[in-house]
Amino acid sequence: MTREEYIEKFKAIVIDSVSGTGLFPSVMMAQAILESSNKYGQPGASMLAKEFNNHFGVKADRSWKGKKVNLKTREVIKNSSVMIGDFFRVYDHAANSFKDRNTFLLKNPTYTKAGVFLSQTPEAQAEALQRAGYATDPKYANLIKALIKMYNLKELDEIARKNDSSSMVA
């Protein structure tokens with residue numbers, strides 16, 4: 001599936017799942033595109049996304065009580081790219097991955113301390129996620145910001161803002 005098709009397929013769940021969290025849908029969608037892509041850049045085509053419905057590369061730490069799988073993953077350690085084996089969360093449906101990404105961030109104080117939920121812009125939120133250690137790639141925030149710009153993902157933020165405003169009026 002193309003990135004445009006992926007965005008269309010998952011935009012409603014992204015917008016709905018961030019409501020009231022302080023998280024930007026544009027950042028979430030960019031992360032999903034990046035984290036779920038295979039080596040050809042096709043979102044939703046990585047083994048983790050396709051076979052295990054994990055679109056965010058969320059690892060299965062000790063707090064995770066669900067199914068998990070051990071897979072090879074690229075990490076940047078001391079400025080060197082290395083392949084390691086690690087456990088990742090497994091979901092029954094892709095939608096569960098999207099919802100759990102937000103729960104994971106909200107329950108982990110590292111993300112609060114890094115300012116993820118206080119970020120005023122998607123770009124600042126991407127930087128805060130990197131500061132918090134969401135990914136080991138030192139270019140992670142820049143990759144997220146580039147995807148936001150390339151696919152005009154701030155449109156999702158506008159839709160979410162309008163949805164939140166209309167629900168406040170009702």
# chains A, B, ... in the order shown; residues from 1 in each chain; ligands from 1

$ select_by_dssp --residues "range 77-152 of chain A" --states "alpha helix (DSSP H)" --output "PyMOL selection string"
chain A and resi 94-107+109-113+122-132+140-150

$ write_last_selection --atoms "C-alpha atoms" --output "mmCIF file, in the first residue's frame"
data_model
loop_
_atom_site.group_PDB
_atom_site.id
_atom_site.type_symbol
_atom_site.label_atom_id
_atom_site.label_comp_id
_atom_site.auth_asym_id
_atom_site.auth_seq_id
_atom_site.Cartn_x
_atom_site.Cartn_y
_atom_site.Cartn_z
ATOM 1 C CA ALA A 94 -3.819 -3.044 13.968
ATOM 2 C CA ALA A 95 -6.290 -0.700 15.699
ATOM 3 C CA ASN A 96 -5.138 -2.055 19.066
ATOM 4 C CA SER A 97 -1.567 -1.004 18.223
ATOM 5 C CA PHE A 98 -2.697 2.567 17.558
ATOM 6 C CA LYS A 99 -4.632 2.781 20.816
ATOM 7 C CA ASP A 100 -1.883 1.126 22.847
ATOM 8 C CA ARG A 101 0.790 3.509 21.518
ATOM 9 C CA ASN A 102 -1.009 6.353 23.298
ATOM 10 C CA THR A 103 -1.549 4.341 26.483
ATOM 11 C CA PHE A 104 2.139 3.404 26.444
ATOM 12 C CA LEU A 105 3.164 7.056 26.217
ATOM 13 C CA LEU A 106 0.646 8.237 28.820
ATOM 14 C CA LYS A 107 1.633 5.601 31.405
ATOM 15 C CA PRO A 109 6.606 9.071 33.097
ATOM 16 C CA THR A 110 9.659 9.428 30.845
ATOM 17 C CA TYR A 111 7.445 10.942 28.146
ATOM 18 C CA THR A 112 5.798 13.370 30.552
ATOM 19 C CA LYS A 113 9.195 14.499 31.889
ATOM 20 C CA PRO A 122 4.088 18.650 16.183
ATOM 21 C CA GLU A 123 7.746 19.456 15.603
ATOM 22 C CA ALA A 124 8.318 20.082 19.319
ATOM 23 C CA GLN A 125 6.510 16.833 20.122
ATOM 24 C CA ALA A 126 8.737 14.893 17.732
ATOM 25 C CA GLU A 127 11.792 16.393 19.465
ATOM 26 C CA ALA A 128 10.358 15.510 22.895
ATOM 27 C CA LEU A 129 9.753 11.907 21.815
ATOM 28 C CA GLN A 130 13.372 11.661 20.736
ATOM 29 C CA ARG A 131 14.580 13.241 24.008
ATOM 30 C CA ALA A 132 12.517 10.681 25.912
ATOM 31 C CA TYR A 140 14.318 10.117 14.525
ATOM 32 C CA ALA A 141 12.745 13.536 15.195
ATOM 33 C CA ASN A 142 13.937 14.847 11.831
ATOM 34 C CA LEU A 143 12.480 11.817 10.050
ATOM 35 C CA ILE A 144 9.120 12.360 11.780
ATOM 36 C CA LYS A 145 9.136 16.065 10.915
ATOM 37 C CA ALA A 146 10.016 15.327 7.281
ATOM 38 C CA LEU A 147 7.088 12.899 6.947
ATOM 39 C CA ILE A 148 4.716 15.440 8.520
ATOM 40 C CA LYS A 149 5.770 18.012 5.951
ATOM 41 C CA MET A 150 5.959 15.643 2.960
#

$ residues_around --residues "Val18 in chain A" --least-positions-apart "5" --cutoff "9 Å" --atoms "only C-alpha atoms" --output "PyMOL selection string"
chain A and resi 13+23-25+28+99+102+160

$ write_last_selection --atoms "N, CA and C atoms" --output "PDB file, in the first residue's frame"
ATOM      1  N   ILE A  13      -8.778   6.492  12.969  1.00  0.00           N
ATOM      2  CA  ILE A  13      -8.387   5.928  14.259  1.00  0.00           C
ATOM      3  C   ILE A  13      -7.308   6.769  14.932  1.00  0.00           C
ATOM      4  N   LEU A  23      -1.599  14.743  22.426  1.00  0.00           N
ATOM      5  CA  LEU A  23      -0.757  14.182  21.365  1.00  0.00           C
ATOM      6  C   LEU A  23      -1.268  14.659  20.007  1.00  0.00           C
ATOM      7  N   PHE A  24      -0.343  14.913  19.109  1.00  0.00           N
ATOM      8  CA  PHE A  24      -0.690  15.379  17.768  1.00  0.00           C
ATOM      9  C   PHE A  24      -0.903  14.189  16.835  1.00  0.00           C
ATOM     10  N   PRO A  25      -2.053  14.154  16.121  1.00  0.00           N
ATOM     11  CA  PRO A  25      -2.282  13.091  15.143  1.00  0.00           C
ATOM     12  C   PRO A  25      -1.209  13.065  14.051  1.00  0.00           C
ATOM     13  N   MET A  28       1.695  11.092  15.351  1.00  0.00           N
ATOM     14  CA  MET A  28       1.345   9.672  15.454  1.00  0.00           C
ATOM     15  C   MET A  28       1.344   9.009  14.079  1.00  0.00           C
ATOM     16  N   LYS A  99      -4.126   2.379  19.496  1.00  0.00           N
ATOM     17  CA  LYS A  99      -4.632   2.781  20.816  1.00  0.00           C
ATOM     18  C   LYS A  99      -3.579   2.559  21.895  1.00  0.00           C
ATOM     19  N   ASN A 102      -0.687   5.208  22.449  1.00  0.00           N
ATOM     20  CA  ASN A 102      -1.009   6.353  23.298  1.00  0.00           C
ATOM     21  C   ASN A 102      -1.004   5.971  24.776  1.00  0.00           C
ATOM     22  N   ALA A 160      -8.622  17.159  13.970  1.00  0.00           N
ATOM     23  CA  ALA A 160      -8.760  16.823  15.393  1.00  0.00           C
ATOM     24  C   ALA A 160      -9.174  18.048  16.199  1.00  0.00           C
TER      25      ALA A 160
END

$ closest_residue --among "A:Asp137, A:Gly57, A:Met29, A:Leu118" --to "Glu8 in chain A" --atoms "only C-alpha atoms"
A:Met29

$ closest_residue --among "A:Ala12, A:Leu48, A:Leu153, A:Ala114" --to "Ser36 in chain A" --atoms "only C-alpha atoms"
A:Leu48

$ closest_residue --among "A:Lys139, A:Arg3, A:Lys11, A:Arg89" --to "Ala60 in chain A" --atoms "only C-alpha atoms"
A:Arg89

$ closest_atom_pairs --of "range 115-137 of chain A" --to "range 67-85 of chain A" --cutoff "12 Å" --atoms "only C-alpha atoms" --output "Markdown table"
| residue | atom | partner | partner_atom | distance |
| --- | --- | --- | --- | --- |
| A:Gly133 | CA | A:Val76 | CA | 11.3 |
| A:Tyr134 | CA | A:Glu75 | CA | 11.3 |
| A:Ala135 | CA | A:Glu75 | CA | 8.0 |
| A:Thr136 | CA | A:Val76 | CA | 5.2 |
| A:Asp137 | CA | A:Val76 | CA | 5.5 |

$ write_last_selection --atoms "C-alpha atoms" --output "PDB file, in the first residue's frame"
ATOM      1  CA  GLY A 133      14.230   7.860  24.045  1.00  0.00           C
ATOM      2  CA  TYR A 134      11.327   6.577  21.938  1.00  0.00           C
ATOM      3  CA  ALA A 135      13.876   5.540  19.320  1.00  0.00           C
ATOM      4  CA  THR A 136      17.647   5.208  19.327  1.00  0.00           C
ATOM      5  CA  ASP A 137      18.131   6.720  15.870  1.00  0.00           C
TER       6      ASP A 137
END

$ residues_around --residues "Ile159 in chain A" --least-positions-apart "5" --cutoff "9 Å" --atoms "only C-alpha atoms" --output "list in words"
Ile15, Lys154 and Asp164 of chain A

$ closest_residue --among "A:Pro43, A:Asp157, A:Asp16, A:Ala30" --to "Gln120 in chain A" --atoms "only C-alpha atoms"
A:Asp157

$ atom_distance --atom1 "CA of Ser63 in chain A" --atom2 "CA of Val90 in chain A"
13.7 Å

$ select_by_dssp --residues "chain A" --states "strand (DSSP E or B)" --output "number ranges by chain"
A: 59, 68-77, 80-89

$ write_last_selection --atoms "C-alpha atoms" --output "short mmCIF file (atom, residue, chain, number, x, y, z; two decimals), in the first residue's frame"
data_model
loop_
_atom_site.label_atom_id
_atom_site.label_comp_id
_atom_site.auth_asym_id
_atom_site.auth_seq_id
_atom_site.Cartn_x
_atom_site.Cartn_y
_atom_site.Cartn_z
CA LYS A 59 8.62 -3.16 22.78
CA LYS A 68 5.04 -10.87 22.44
CA VAL A 69 7.51 -11.85 19.76
CA ASN A 70 11.30 -11.72 19.62
CA LEU A 71 12.58 -10.12 16.41
CA LYS A 72 15.77 -8.58 15.10
CA THR A 73 15.78 -4.80 15.19
CA ARG A 74 18.20 -2.06 14.27
CA GLU A 75 19.32 0.13 17.16
CA VAL A 76 21.87 2.92 17.34
CA ILE A 77 24.20 2.32 20.26
CA SER A 80 26.89 2.64 15.72
CA SER A 81 24.01 0.90 14.00
CA VAL A 82 23.67 -2.65 15.32
CA MET A 83 21.15 -5.47 14.97
CA ILE A 84 19.84 -6.95 18.20
CA GLY A 85 17.05 -9.29 19.19
CA ASP A 86 14.28 -7.79 21.31
CA PHE A 87 10.72 -8.51 22.36
CA PHE A 88 7.87 -6.55 20.79
CA ARG A 89 4.19 -6.34 21.68
#
